[in-house]
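Structure file my_file04.tsv; described as TSV, C-alpha atoms and all ligand atoms.
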```tsv
chain	number	residue	atom	x	y	z
E	1	MET	CA	36.43	-114.45	43.81
E	2	THR	CA	33.18	-115.75	45.30
E	3	GLU	CA	35.11	-118.08	47.71
E	4	PRO	CA	35.67	-115.66	50.62
E	5	THR	CA	32.21	-114.13	50.43
E	6	ARG	CA	30.33	-117.43	50.42
E	7	THR	CA	30.99	-117.82	54.15
E	8	ARG	CA	29.01	-114.63	54.82
E	9	ARG	CA	25.25	-114.26	54.49
E	10	GLY	CA	23.56	-115.15	51.24
E	11	VAL	CA	23.05	-111.64	50.02
E	12	LEU	CA	26.65	-110.72	49.31
E	13	PRO	CA	27.56	-113.46	46.82
E	14	ARG	CA	24.49	-112.65	44.76
E	15	LEU	CA	25.75	-109.12	44.29
E	16	ARG	CA	29.02	-110.51	43.03
E	17	GLN	CA	27.45	-112.76	40.36
E	18	PRO	CA	29.44	-112.94	37.12
E	19	GLY	CA	27.71	-111.73	34.00
E	20	SER	CA	26.78	-108.49	35.69
E	21	ARG	CA	29.66	-106.69	34.05
E	22	PHE	CA	27.35	-105.05	31.53
E	23	GLY	CA	24.88	-104.32	34.33
E	24	ARG	CA	27.56	-102.67	36.38
E	25	ARG	CA	28.62	-100.50	33.46
E	26	LEU	CA	25.01	-99.58	32.86
E	27	ARG	CA	24.52	-98.72	36.54
E	28	GLY	CA	27.72	-96.70	36.47
E	29	GLY	CA	26.56	-94.84	33.40
E	30	VAL	CA	23.14	-94.14	34.85
E	31	SER	CA	24.50	-92.84	38.16
E	32	LEU	CA	26.97	-90.69	36.22
E	33	LEU	CA	24.07	-89.17	34.27
E	34	ILE	CA	22.04	-88.60	37.44
E	35	ALA	CA	25.02	-87.00	39.19
E	36	LEU	CA	25.69	-84.72	36.22
E	37	GLY	CA	22.00	-83.80	36.17
E	38	ILE	CA	22.08	-82.81	39.84
E	39	VAL	CA	25.26	-80.81	39.37
E	40	GLY	CA	23.73	-79.11	36.34
E	41	SER	CA	20.59	-78.05	38.15
E	42	ILE	CA	22.59	-76.77	41.12
E	43	TYR	CA	24.62	-74.70	38.69
E	44	ALA	CA	21.49	-73.40	36.98
E	45	ALA	CA	20.11	-72.32	40.36
E	46	PHE	CA	23.22	-70.33	41.22
E	47	ALA	CA	24.38	-69.11	37.82
E	48	PRO	CA	24.17	-65.35	37.41
E	49	SER	CA	21.46	-64.28	35.03
E	50	GLY	CA	21.48	-61.12	32.96
E	51	SER	CA	21.26	-58.11	35.26
E	52	ALA	CA	19.75	-55.65	32.79
E	53	ALA	CA	16.10	-55.78	33.82
E	54	PRO	CA	13.68	-54.67	31.12
E	55	ALA	CA	11.64	-51.60	32.05
E	56	LYS	CA	8.43	-53.60	32.27
E	57	GLY	CA	9.90	-56.00	34.81
E	58	GLU	CA	11.15	-53.22	37.04
E	59	ALA	CA	7.93	-52.81	39.02
E	60	LEU	CA	7.90	-56.54	39.62
E	61	ASP	CA	11.56	-56.47	40.68
E	62	VAL	CA	10.81	-53.72	43.20
E	63	GLN	CA	7.91	-55.76	44.55
E	64	ILE	CA	9.94	-58.96	44.93
E	65	GLY	CA	12.81	-56.91	46.36
E	66	GLN	CA	10.48	-55.47	48.99
E	67	GLY	CA	9.40	-58.99	49.94
E	68	ILE	CA	13.01	-60.02	50.63
E	69	PHE	CA	13.77	-56.70	52.34
E	70	ASP	CA	10.79	-57.06	54.69
E	71	GLN	CA	12.07	-60.45	55.78
E	72	THR	CA	15.81	-59.83	56.13
E	73	CYS	CA	16.54	-56.12	56.46
E	74	ILE	CA	13.53	-54.46	58.06
E	75	SER	CA	14.65	-55.07	61.66
E	76	CYS	CA	17.67	-52.80	61.23
E	77	HIS	CA	16.67	-50.48	58.39
E	78	GLY	CA	12.94	-49.97	59.08
E	79	ALA	CA	9.73	-50.57	57.12
E	80	ASN	CA	10.19	-47.45	54.97
E	81	LEU	CA	14.00	-47.61	54.86
E	82	GLN	CA	14.09	-44.74	57.36
E	83	GLY	CA	16.56	-46.59	59.59
E	84	VAL	CA	16.28	-47.90	63.15
E	85	PRO	CA	18.14	-45.95	65.87
E	86	GLY	CA	21.04	-47.97	67.23
E	87	ARG	CA	20.58	-50.74	64.65
E	88	GLY	CA	20.99	-49.50	61.09
E	89	PRO	CA	21.15	-46.24	59.09
E	90	SER	CA	18.48	-44.87	56.75
E	91	LEU	CA	18.76	-46.23	53.21
E	92	ILE	CA	16.72	-43.48	51.57
E	93	GLY	CA	18.73	-42.10	48.66
E	94	VAL	CA	21.76	-44.42	49.09
E	95	GLY	CA	20.85	-45.87	45.70
E	96	GLN	CA	21.22	-49.12	43.79
E	97	ALA	CA	25.03	-48.92	43.93
E	98	ALA	CA	25.19	-49.02	47.74
E	99	ALA	CA	22.74	-51.92	47.95
E	100	TYR	CA	24.51	-53.83	45.16
E	101	PHE	CA	27.89	-53.35	46.88
E	102	GLN	CA	26.67	-54.36	50.35
E	103	LEU	CA	24.78	-57.45	49.13
E	104	ARG	CA	27.20	-58.65	46.45
E	105	THR	CA	30.13	-58.53	48.88
E	106	GLY	CA	28.05	-60.26	51.58
E	107	ARG	CA	28.43	-57.39	54.04
E	108	MET	CA	24.63	-57.21	54.42
E	109	PRO	CA	22.63	-58.55	56.13
E	110	LEU	CA	24.90	-57.65	59.02
E	111	THR	CA	25.36	-60.65	61.29
E	112	GLN	CA	27.41	-59.24	64.14
E	113	GLN	CA	28.11	-55.76	65.41
E	114	GLY	CA	31.78	-54.93	65.03
E	115	ALA	CA	33.97	-52.04	64.03
E	116	GLN	CA	33.04	-52.70	60.42
E	117	ALA	CA	31.02	-55.17	58.31
E	118	ASP	CA	33.34	-57.80	56.79
E	119	ARG	CA	33.21	-59.27	53.33
E	120	LYS	CA	31.40	-62.66	53.36
E	121	PRO	CA	29.93	-65.03	50.79
E	122	THR	CA	26.63	-63.47	49.65
E	123	LEU	CA	23.30	-64.93	50.77
E	124	PHE	CA	21.54	-64.00	47.54
E	125	THR	CA	21.53	-64.84	43.84
E	126	GLU	CA	22.48	-62.14	41.33
E	127	THR	CA	18.77	-61.75	40.46
E	128	GLN	CA	17.74	-61.30	44.10
E	129	ILE	CA	20.50	-58.73	44.59
E	130	GLU	CA	19.18	-56.72	41.63
E	131	GLN	CA	15.64	-57.00	43.02
E	132	ILE	CA	16.55	-55.74	46.51
E	133	ALA	CA	18.72	-53.02	44.93
E	134	ALA	CA	15.78	-51.97	42.73
E	135	TYR	CA	13.64	-51.62	45.86
E	136	VAL	CA	16.30	-49.46	47.56
E	137	GLN	CA	16.72	-47.44	44.35
E	138	ALA	CA	12.96	-46.74	44.29
E	139	HIS	CA	13.37	-44.86	47.62
E	140	GLY	CA	15.20	-41.63	46.84
E	141	HIS	CA	16.99	-42.60	43.62
E	142	GLY	CA	20.71	-42.59	44.44
E	143	PRO	CA	23.67	-43.51	42.23
E	144	GLN	CA	23.44	-46.60	40.00
E	145	VAL	CA	26.10	-48.87	38.55
E	146	PRO	CA	25.74	-48.67	34.73
E	147	ASN	CA	24.83	-51.82	32.81
E	148	GLY	CA	27.29	-53.38	30.39
E	149	SER	CA	31.02	-53.98	30.48
E	150	LEU	CA	33.12	-52.01	32.94
E	151	SER	CA	36.48	-53.25	31.66
E	152	GLY	CA	38.74	-51.97	28.91
E	153	GLY	CA	39.90	-48.76	30.58
E	154	SER	CA	43.42	-47.37	30.26
E	155	VAL	CA	45.73	-49.09	32.77
E	156	SER	CA	48.25	-46.23	32.86
E	157	ASP	CA	45.57	-43.58	33.50
E	158	GLY	CA	44.08	-45.92	36.10
E	159	GLY	CA	47.42	-46.24	37.88
E	160	GLU	CA	47.74	-42.48	38.15
E	161	LEU	CA	44.18	-42.08	39.47
E	162	PHE	CA	44.61	-44.97	41.89
E	163	ARG	CA	47.78	-43.43	43.39
E	164	LEU	CA	45.98	-40.09	43.81
E	165	ASN	CA	42.63	-41.33	45.19
E	166	CYS	CA	42.89	-44.84	46.60
E	167	ALA	CA	46.47	-45.76	47.55
E	168	SER	CA	46.44	-43.75	50.79
E	169	CYS	CA	44.05	-46.33	52.29
E	170	HIS	CA	44.32	-49.41	50.07
E	171	ASN	CA	48.13	-49.31	49.60
E	172	LEU	CA	49.96	-48.77	46.29
E	173	VAL	CA	49.47	-52.35	45.14
E	174	GLY	CA	45.98	-52.77	46.62
E	175	LYS	CA	47.09	-54.81	49.64
E	176	GLY	CA	44.85	-52.79	51.98
E	177	GLY	CA	45.77	-51.42	55.39
E	178	ALA	CA	44.62	-50.57	58.90
E	179	LEU	CA	42.67	-47.40	59.65
E	180	SER	CA	41.94	-45.89	63.08
E	181	GLY	CA	39.41	-47.36	65.52
E	182	GLY	CA	39.81	-51.02	64.50
E	183	LYS	CA	38.67	-50.25	60.97
E	184	TYR	CA	40.57	-51.22	57.85
E	185	ALA	CA	40.65	-50.72	54.11
E	186	PRO	CA	40.42	-54.24	52.68
E	187	ALA	CA	42.80	-55.76	50.13
E	188	LEU	CA	41.45	-55.34	46.59
E	189	ASP	CA	42.26	-58.85	45.38
E	190	ARG	CA	38.70	-60.18	45.40
E	191	ALA	CA	36.31	-57.46	44.24
E	192	SER	CA	34.78	-57.86	40.76
E	193	ASP	CA	34.59	-55.00	38.24
E	194	ARG	CA	31.01	-54.16	39.27
E	195	GLU	CA	31.85	-54.32	42.98
E	196	ILE	CA	34.76	-51.88	42.52
E	197	TYR	CA	32.52	-49.53	40.53
E	198	ALA	CA	29.77	-49.77	43.17
E	199	ALA	CA	32.30	-49.14	45.98
E	200	MET	CA	33.44	-45.91	44.32
E	201	LEU	CA	29.83	-44.74	43.77
E	202	SER	CA	28.66	-45.54	47.31
E	203	GLY	CA	31.70	-45.00	49.57
E	204	PRO	CA	31.11	-47.69	52.22
E	205	GLU	CA	32.15	-46.92	55.82
E	206	ASN	CA	35.19	-44.59	55.91
E	207	MET	CA	35.68	-44.67	52.17
E	208	PRO	CA	34.79	-41.40	50.44
E	209	VAL	CA	32.12	-41.31	47.72
E	210	PHE	CA	33.68	-40.78	44.29
E	211	GLY	CA	30.80	-39.29	42.30
E	212	ASP	CA	30.95	-38.91	38.54
E	213	ASN	CA	31.98	-35.24	38.96
E	214	GLN	CA	35.14	-36.22	40.81
E	215	ILE	CA	36.00	-39.35	38.83
E	216	THR	CA	34.23	-39.72	35.46
E	217	PRO	CA	32.79	-43.09	34.37
E	218	GLN	CA	35.71	-43.46	31.91
E	219	GLU	CA	38.20	-42.82	34.73
E	220	LYS	CA	36.41	-45.34	36.95
E	221	LYS	CA	36.88	-47.96	34.22
E	222	ALA	CA	40.57	-47.05	34.07
E	223	ILE	CA	40.90	-47.57	37.84
E	224	ILE	CA	39.18	-50.95	37.51
E	225	ALA	CA	41.60	-51.93	34.72
E	226	TYR	CA	44.53	-50.94	36.94
E	227	ILE	CA	43.26	-52.91	39.98
E	228	GLN	CA	42.62	-56.02	37.88
E	229	GLY	CA	46.09	-55.56	36.37
E	230	ILE	CA	47.97	-55.47	39.68
E	231	ARG	CA	45.94	-58.46	40.82
E	232	ALA	CA	46.93	-60.48	37.75
E	233	GLU	CA	50.59	-59.60	38.44
E	234	ALA	CA	50.42	-60.53	42.11
E	235	ASP	CA	48.61	-63.80	41.38
E	236	PRO	CA	49.97	-65.24	38.12
E	237	GLY	CA	48.36	-68.64	38.75
E	238	GLY	CA	44.79	-67.37	38.95
E	239	SER	CA	42.47	-67.46	35.97
E	240	GLY	CA	40.09	-64.55	35.47
E	241	LEU	CA	37.20	-66.63	34.09
E	242	GLY	CA	35.72	-63.42	32.76
E	243	ARG	CA	36.00	-61.91	36.26
E	244	LEU	CA	32.56	-63.13	37.15
E	245	GLY	CA	33.45	-63.08	40.82
E	246	PRO	CA	34.29	-65.80	43.32
E	247	VAL	CA	30.94	-67.64	43.31
E	248	PRO	CA	30.79	-68.65	39.63
E	249	GLU	CA	34.54	-69.31	39.67
E	250	THR	CA	34.19	-71.71	42.57
E	251	LEU	CA	31.28	-73.39	40.81
E	252	VAL	CA	33.29	-73.92	37.65
E	253	VAL	CA	36.20	-75.38	39.62
E	254	TRP	CA	33.75	-77.52	41.54
E	255	LEU	CA	32.01	-78.78	38.38
E	256	VAL	CA	35.28	-79.69	36.70
E	257	GLY	CA	36.50	-81.41	39.89
E	258	ILE	CA	33.29	-83.41	40.39
E	259	GLY	CA	33.27	-84.38	36.70
E	260	ALA	CA	36.83	-85.69	36.91
E	261	LEU	CA	36.04	-87.57	40.12
E	262	LEU	CA	33.00	-89.25	38.58
E	263	LEU	CA	35.06	-90.30	35.56
E	264	ILE	CA	37.67	-91.88	37.85
E	265	ILE	CA	34.96	-93.69	39.84
E	266	PHE	CA	33.37	-94.93	36.62
E	267	TRP	CA	36.75	-96.07	35.30
E	268	ILE	CA	37.57	-97.98	38.49
E	269	GLY	CA	34.09	-99.53	38.39
E	270	ALA	CA	34.56	-100.64	34.81
E	271	LYS	CA	38.01	-102.18	35.57
E	272	THR	CA	36.97	-104.40	38.50
U	301	LIG	C1	21.62	-56.47	62.18
U	301	LIG	C2	21.31	-55.21	61.55
U	301	LIG	C3	21.31	-55.12	60.03
U	301	LIG	C4	20.66	-55.94	59.12
U	301	LIG	C5	19.84	-57.19	59.39
U	301	LIG	C6	20.91	-55.36	57.83
U	301	LIG	N1	21.68	-54.24	57.95
U	301	LIG	FE1	22.30	-53.00	56.43
U	301	LIG	N2	23.43	-51.92	57.74
U	301	LIG	C7	23.48	-52.10	59.11
U	301	LIG	C8	24.46	-51.19	59.69
U	301	LIG	C9	24.82	-51.09	61.16
U	301	LIG	C10	25.00	-50.45	58.60
U	301	LIG	C11	26.08	-49.37	58.67
U	301	LIG	C12	27.44	-49.95	58.87
U	301	LIG	C13	28.17	-50.28	57.63
U	301	LIG	O1	27.88	-49.72	56.56
U	301	LIG	O2	29.10	-51.12	57.70
U	301	LIG	C14	24.33	-50.91	57.40
U	301	LIG	C15	24.57	-50.42	56.12
U	301	LIG	C16	23.85	-50.77	54.99
U	301	LIG	C17	23.99	-50.15	53.70
U	301	LIG	C18	24.97	-49.04	53.34
U	301	LIG	C19	24.31	-47.71	53.51
U	301	LIG	C20	25.18	-46.61	52.95
U	301	LIG	O3	24.98	-45.48	53.40
U	301	LIG	O4	26.01	-46.86	52.07
U	301	LIG	C21	23.11	-50.75	52.86
U	301	LIG	C22	22.87	-50.44	51.40
U	301	LIG	C23	22.42	-51.79	53.63
U	301	LIG	N3	22.89	-51.76	54.92
U	301	LIG	C24	21.47	-52.64	53.12
U	301	LIG	C25	20.93	-53.72	53.82
U	301	LIG	C26	20.06	-54.72	53.22
U	301	LIG	C27	19.55	-54.67	51.80
U	301	LIG	C28	19.79	-55.65	54.20
U	301	LIG	C29	18.97	-56.92	54.08
U	301	LIG	C30	19.42	-57.88	53.10
U	301	LIG	C31	20.48	-55.22	55.41
U	301	LIG	N4	21.16	-54.05	55.14
U	301	LIG	C32	20.41	-55.87	56.63
U	301	LIG	C33	22.73	-53.02	59.83
U	301	LIG	C34	21.96	-54.06	59.27
U	302	LIG	C1	39.80	-43.11	53.34
U	302	LIG	C2	40.17	-44.44	52.99
U	302	LIG	C3	39.74	-45.01	51.64
U	302	LIG	C4	40.00	-44.49	50.38
U	302	LIG	C5	40.69	-43.21	50.02
U	302	LIG	C6	39.44	-45.46	49.45
U	302	LIG	N1	38.88	-46.51	50.12
U	302	LIG	FE1	38.05	-48.17	49.30
U	302	LIG	N2	37.55	-48.85	51.15
U	302	LIG	C7	37.83	-48.21	52.35
U	302	LIG	C8	37.19	-48.92	53.44
U	302	LIG	C9	37.25	-48.56	54.90
U	302	LIG	C10	36.53	-50.03	52.86
U	302	LIG	C11	35.69	-51.10	53.59
U	302	LIG	C12	34.25	-50.67	53.68
U	302	LIG	C13	33.38	-51.66	54.41
U	302	LIG	O1	33.85	-52.71	54.82
U	302	LIG	O2	32.17	-51.38	54.55
U	302	LIG	C14	36.78	-49.96	51.43
U	302	LIG	C15	36.32	-50.91	50.52
U	302	LIG	C16	36.62	-50.90	49.18
U	302	LIG	C17	36.28	-51.96	48.26
U	302	LIG	C18	35.61	-53.30	48.59
U	302	LIG	C19	36.63	-54.41	48.65
U	302	LIG	C20	36.06	-55.77	48.92
U	302	LIG	O3	36.73	-56.76	48.64
U	302	LIG	O4	34.94	-55.88	49.42
U	302	LIG	C21	36.71	-51.57	47.02
U	302	LIG	C22	36.60	-52.35	45.73
U	302	LIG	C23	37.33	-50.26	47.18
U	302	LIG	N3	37.28	-49.89	48.50
U	302	LIG	C24	37.89	-49.53	46.15
U	302	LIG	C25	38.42	-48.24	46.31
U	302	LIG	C26	38.88	-47.43	45.18
U	302	LIG	C27	38.87	-47.87	43.74
U	302	LIG	C28	39.30	-46.25	45.72
U	302	LIG	C29	39.83	-45.04	44.97
U	302	LIG	C30	39.02	-44.51	43.90
U	302	LIG	C31	39.15	-46.32	47.17
U	302	LIG	N4	38.59	-47.55	47.47
U	302	LIG	C32	39.49	-45.33	48.06
U	302	LIG	C33	38.59	-47.07	52.48
U	302	LIG	C34	39.04	-46.26	51.46
```
Is it possible to express this structure as structure tokens?
Ligand code: HEC
Ligand code: HEC
Amino acid sequence: MTEPTRTRRGVLPRLRQPGSRFGRRLRGGVSLLIALGIVGSIYAAFAPSGSAAPAKGEALDVQIGQGIFDQTCISCHGANLQGVPGRGPSLIGVGQAAAYFQLRTGRMPLTQQGAQADRKPTLFTETQIEQIAAYVQAHGHGPQVPNGSLSGGSVSDGGELFRLNCASCHNLVGKGGALSGGKYAPALDRASDREIYAAMLSGPENMPVFGDNQITPQEKKAIIAYIQGIRAEADPGGSGLGRLGPVPETLVVWLVGIGALLLIIFWIGAKT
């Protein structure tokens, strides 16, 4: 085994010394641990934390939210959320729901002027989103997405309500469709429970606002149950993973994938 390498420079054969089998295993084990540590801390940085902020922390949330707002949103929405002509509308009174929806679906901050802001991966952590939303909420107090579970509604009631209120734009099975002026109602195969709830409360773009007088909170939960139901039917291979949304789901897939890869690398290392 050392024969062909001896002809090269002196460094290579030393690396191939026998007796280093244990050393190699140890090195493999150590790098595995380091890699898992890195992956773990990346996950910790991105994992969603509890969104129910205690009352005492609210003032702090608003303050941190303002800090982020002043850096990323002020140019289009103004220093007091009053809006900037030709750049962005006033956000006074739009409420936590509108901010949560726009940030969680990555529509804001707007990156290019088009007919309509597209869904993109979000720039912010769940905590930052709640902080910016708390800042927006503090200006005019608009509608808020309730804390706690939004699932468990009646699918059959939801189907009826969806056909009456949503299907005209989003299609009967939530596939979405074109609207006039280059605008479109998106497919509903990606929105999480909270995003759907926030969309109904805030009515982005051409979508009407469905306040609690028109569609009660219980009926909103039924609509969510229906949308998640048609999605599960259309996509039998997908796993809900608690419907945490695409970011945590991707992370889980990524973690499992990296873990398997490391095991294979370790196994190959141990065999040679
Ligand atoms: C480049 C300009 C621009 C930037 C930067 C920007 N926005 Fe917007 N924003 C807009 C425009 C234009 C609209 C209206 C169009 C739309 O809703 O698609 C809008 C709409 C919104 C709405 C919806 C208002 C409603 O009535 O429902 C919210 C909430 C919002 N922005 C929050 C933010 C936040 C928070 C940030 C910073 C993280 C941000 N925006 C950054 C231009 C911008
Ligand atoms: C008049 C047409 C119209 C109706 C009716 C309508 N929507 Fe929408 N909906 C839209 C448009 C347009 C958007 C995209 C807004 C944007 O990009 O800012 C949207 C976006 C959404 C989104 C975000 C999807 C994503 O992946 O980001 C959800 C969720 C949603 N609607 C749910 C509903 C529900 C539930 C109903 C019925 C209660 C409904 N919509 C009724 C036009 C409509």
Within 10 Å of stretch 214-225 of chain E, which residues of stretch 136-167 of chain E come that close, and what is the closest atom pair and distance in Å for each? Count only C-alpha atoms and give it as a Markdown table.
```
| residue | atom | partner | partner_atom | distance |
| --- | --- | --- | --- | --- |
| E:Val145 | CA | E:Pro217 | CA | 9.8 |
| E:Pro146 | CA | E:Pro217 | CA | 9.0 |
| E:Ser149 | CA | E:Lys221 | CA | 9.2 |
| E:Leu150 | CA | E:Lys221 | CA | 5.7 |
| E:Ser151 | CA | E:Lys221 | CA | 5.9 |
| E:Gly152 | CA | E:Ala225 | CA | 6.5 |
| E:Gly153 | CA | E:Ala222 | CA | 3.9 |
| E:Ser154 | CA | E:Ala222 | CA | 4.8 |
| E:Val155 | CA | E:Ala225 | CA | 5.4 |
| E:Ser156 | CA | E:Ala222 | CA | 7.8 |
| E:Asp157 | CA | E:Ala222 | CA | 6.1 |
| E:Gly158 | CA | E:Ile223 | CA | 4.0 |
| E:Gly159 | CA | E:Ile223 | CA | 6.7 |
| E:Glu160 | CA | E:Ile223 | CA | 8.5 |
| E:Leu161 | CA | E:Ile223 | CA | 6.6 |
| E:Phe162 | CA | E:Ile223 | CA | 6.1 |
| E:Arg163 | CA | E:Ile223 | CA | 9.8 |
| E:Asn165 | CA | E:Ile215 | CA | 9.4 |
| E:Cys166 | CA | E:Ile223 | CA | 9.4 |
```
Would you write out, as JSON lines, a table of all residues in chain E that have an atom no more than 9 Å from an atom of ligand LIG 301 (chain U), listing for each the closest atom pair and the distance in Å to one decimal, considering all atoms listed in the file and ordering rows by chain and rising residue number?
```
{"residue": "E:Gly65", "atom": "CA", "partner": "U:LIG301", "partner_atom": "C27", "distance": 8.9}
{"residue": "E:Ile68", "atom": "CA", "partner": "U:LIG301", "partner_atom": "C30", "distance": 7.2}
{"residue": "E:Phe69", "atom": "CA", "partner": "U:LIG301", "partner_atom": "C29", "distance": 5.5}
{"residue": "E:Asp70", "atom": "CA", "partner": "U:LIG301", "partner_atom": "C29", "distance": 8.2}
{"residue": "E:Gln71", "atom": "CA", "partner": "U:LIG301", "partner_atom": "C29", "distance": 7.9}
{"residue": "E:Thr72", "atom": "CA", "partner": "U:LIG301", "partner_atom": "C29", "distance": 4.8}
{"residue": "E:Cys73", "atom": "CA", "partner": "U:LIG301", "partner_atom": "C29", "distance": 3.5}
{"residue": "E:Ile74", "atom": "CA", "partner": "U:LIG301", "partner_atom": "C5", "distance": 7.0}
{"residue": "E:Ser75", "atom": "CA", "partner": "U:LIG301", "partner_atom": "C5", "distance": 6.0}
{"residue": "E:Cys76", "atom": "CA", "partner": "U:LIG301", "partner_atom": "C2", "distance": 4.4}
{"residue": "E:His77", "atom": "CA", "partner": "U:LIG301", "partner_atom": "N1", "distance": 6.3}
{"residue": "E:Gly83", "atom": "CA", "partner": "U:LIG301", "partner_atom": "C7", "distance": 8.9}
{"residue": "E:Val84", "atom": "CA", "partner": "U:LIG301", "partner_atom": "C33", "distance": 8.9}
{"residue": "E:Gly86", "atom": "CA", "partner": "U:LIG301", "partner_atom": "C9", "distance": 7.8}
{"residue": "E:Arg87", "atom": "CA", "partner": "U:LIG301", "partner_atom": "C2", "distance": 5.5}
{"residue": "E:Gly88", "atom": "CA", "partner": "U:LIG301", "partner_atom": "C8", "distance": 4.1}
{"residue": "E:Pro89", "atom": "CA", "partner": "U:LIG301", "partner_atom": "C10", "distance": 5.7}
{"residue": "E:Ser90", "atom": "CA", "partner": "U:LIG301", "partner_atom": "C19", "distance": 7.2}
{"residue": "E:Leu91", "atom": "CA", "partner": "U:LIG301", "partner_atom": "C19", "distance": 5.8}
{"residue": "E:Ile92", "atom": "CA", "partner": "U:LIG301", "partner_atom": "O3", "distance": 8.7}
{"residue": "E:Gly93", "atom": "CA", "partner": "U:LIG301", "partner_atom": "O3", "distance": 8.5}
{"residue": "E:Val94", "atom": "CA", "partner": "U:LIG301", "partner_atom": "O3", "distance": 5.5}
{"residue": "E:Gly95", "atom": "CA", "partner": "U:LIG301", "partner_atom": "C22", "distance": 7.6}
{"residue": "E:Gln96", "atom": "CA", "partner": "U:LIG301", "partner_atom": "C22", "distance": 7.9}
{"residue": "E:Ala97", "atom": "CA", "partner": "U:LIG301", "partner_atom": "C22", "distance": 7.9}
{"residue": "E:Ala98", "atom": "CA", "partner": "U:LIG301", "partner_atom": "C22", "distance": 4.6}
{"residue": "E:Ala99", "atom": "CA", "partner": "U:LIG301", "partner_atom": "C22", "distance": 3.8}
{"residue": "E:Tyr100", "atom": "CA", "partner": "U:LIG301", "partner_atom": "C22", "distance": 7.3}
{"residue": "E:Phe101", "atom": "CA", "partner": "U:LIG301", "partner_atom": "C22", "distance": 7.4}
{"residue": "E:Gln102", "atom": "CA", "partner": "U:LIG301", "partner_atom": "C22", "distance": 5.6}
{"residue": "E:Leu103", "atom": "CA", "partner": "U:LIG301", "partner_atom": "C27", "distance": 6.5}
{"residue": "E:Arg107", "atom": "CA", "partner": "U:LIG301", "partner_atom": "O2", "distance": 7.3}
{"residue": "E:Met108", "atom": "CA", "partner": "U:LIG301", "partner_atom": "C31", "distance": 4.7}
{"residue": "E:Pro109", "atom": "CA", "partner": "U:LIG301", "partner_atom": "C32", "distance": 3.5}
{"residue": "E:Leu110", "atom": "CA", "partner": "U:LIG301", "partner_atom": "C3", "distance": 4.5}
{"residue": "E:Thr111", "atom": "CA", "partner": "U:LIG301", "partner_atom": "C1", "distance": 5.7}
{"residue": "E:Gln112", "atom": "CA", "partner": "U:LIG301", "partner_atom": "C1", "distance": 6.7}
{"residue": "E:Gln113", "atom": "CA", "partner": "U:LIG301", "partner_atom": "C9", "distance": 7.1}
{"residue": "E:Gly114", "atom": "CA", "partner": "U:LIG301", "partner_atom": "O2", "distance": 8.7}
{"residue": "E:Ala115", "atom": "CA", "partner": "U:LIG301", "partner_atom": "O2", "distance": 8.0}
{"residue": "E:Gln116", "atom": "CA", "partner": "U:LIG301", "partner_atom": "O2", "distance": 5.0}
{"residue": "E:Ala117", "atom": "CA", "partner": "U:LIG301", "partner_atom": "O2", "distance": 4.5}
{"residue": "E:Asp118", "atom": "CA", "partner": "U:LIG301", "partner_atom": "O2", "distance": 8.0}
{"residue": "E:Leu123", "atom": "CA", "partner": "U:LIG301", "partner_atom": "C30", "distance": 8.4}
{"residue": "E:Phe124", "atom": "CA", "partner": "U:LIG301", "partner_atom": "C30", "distance": 8.5}
{"residue": "E:Ile129", "atom": "CA", "partner": "U:LIG301", "partner_atom": "C27", "distance": 8.3}
{"residue": "E:Ile132", "atom": "CA", "partner": "U:LIG301", "partner_atom": "C27", "distance": 6.2}
{"residue": "E:Ala133", "atom": "CA", "partner": "U:LIG301", "partner_atom": "C27", "distance": 7.1}
{"residue": "E:Tyr135", "atom": "CA", "partner": "U:LIG301", "partner_atom": "C27", "distance": 8.9}
{"residue": "E:Val136", "atom": "CA", "partner": "U:LIG301", "partner_atom": "C27", "distance": 7.5}
{"residue": "E:Ser202", "atom": "CA", "partner": "U:LIG301", "partner_atom": "O4", "distance": 5.6}
{"residue": "E:Gly203", "atom": "CA", "partner": "U:LIG301", "partner_atom": "O4", "distance": 6.5}
{"residue": "E:Pro204", "atom": "CA", "partner": "U:LIG301", "partner_atom": "O4", "distance": 5.2}
{"residue": "E:Glu205", "atom": "CA", "partner": "U:LIG301", "partner_atom": "O1", "distance": 5.2}
{"residue": "E:Asn206", "atom": "CA", "partner": "U:LIG301", "partner_atom": "O1", "distance": 9.0}
```
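If you measure from each of E:Glu233, E:Asp212, E:Asp61, E:Glu249 to E:Pro143 using all atoms listed in the file, the closest one turns out to be E:Asp212.
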For E:Arg119, the closest of E:Gln82, E:Asn171, E:Gln228, E:Thr105 counting all atoms listed in the file is E:Thr105
Between atom CA of E:Leu81 and atom CA of E:Gln66 lies a distance of 10.4 Å
The distance between atom CA of E:Ala178 and atom C11 of ligand LIG 302 (chain U) is 10.4 Å
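For the pair atom CA of E:Leu201 and atom O3 of ligand LIG 302 (chain U), the separation is 14.7 Å.
Closest to E:Tyr226 among E:Leu188, E:His141, E:Leu255, E:Pro85 is E:Leu188, based on only C-alpha atoms.
The smallest atom-to-atom distance between ligand LIG 302 (chain U) and any of E:Met200, E:Val173, E:Ala134, E:Val256, using all atoms listed in the file, is found for E:Met200.
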List the spatial neighbours of E:Lys175 as a ChimeraX atom specification - criterion: any atom at most 8 Å away, only C-alpha atoms, same-chain residues fewer than 3 positions off excluded.
/E:170-172,186-189
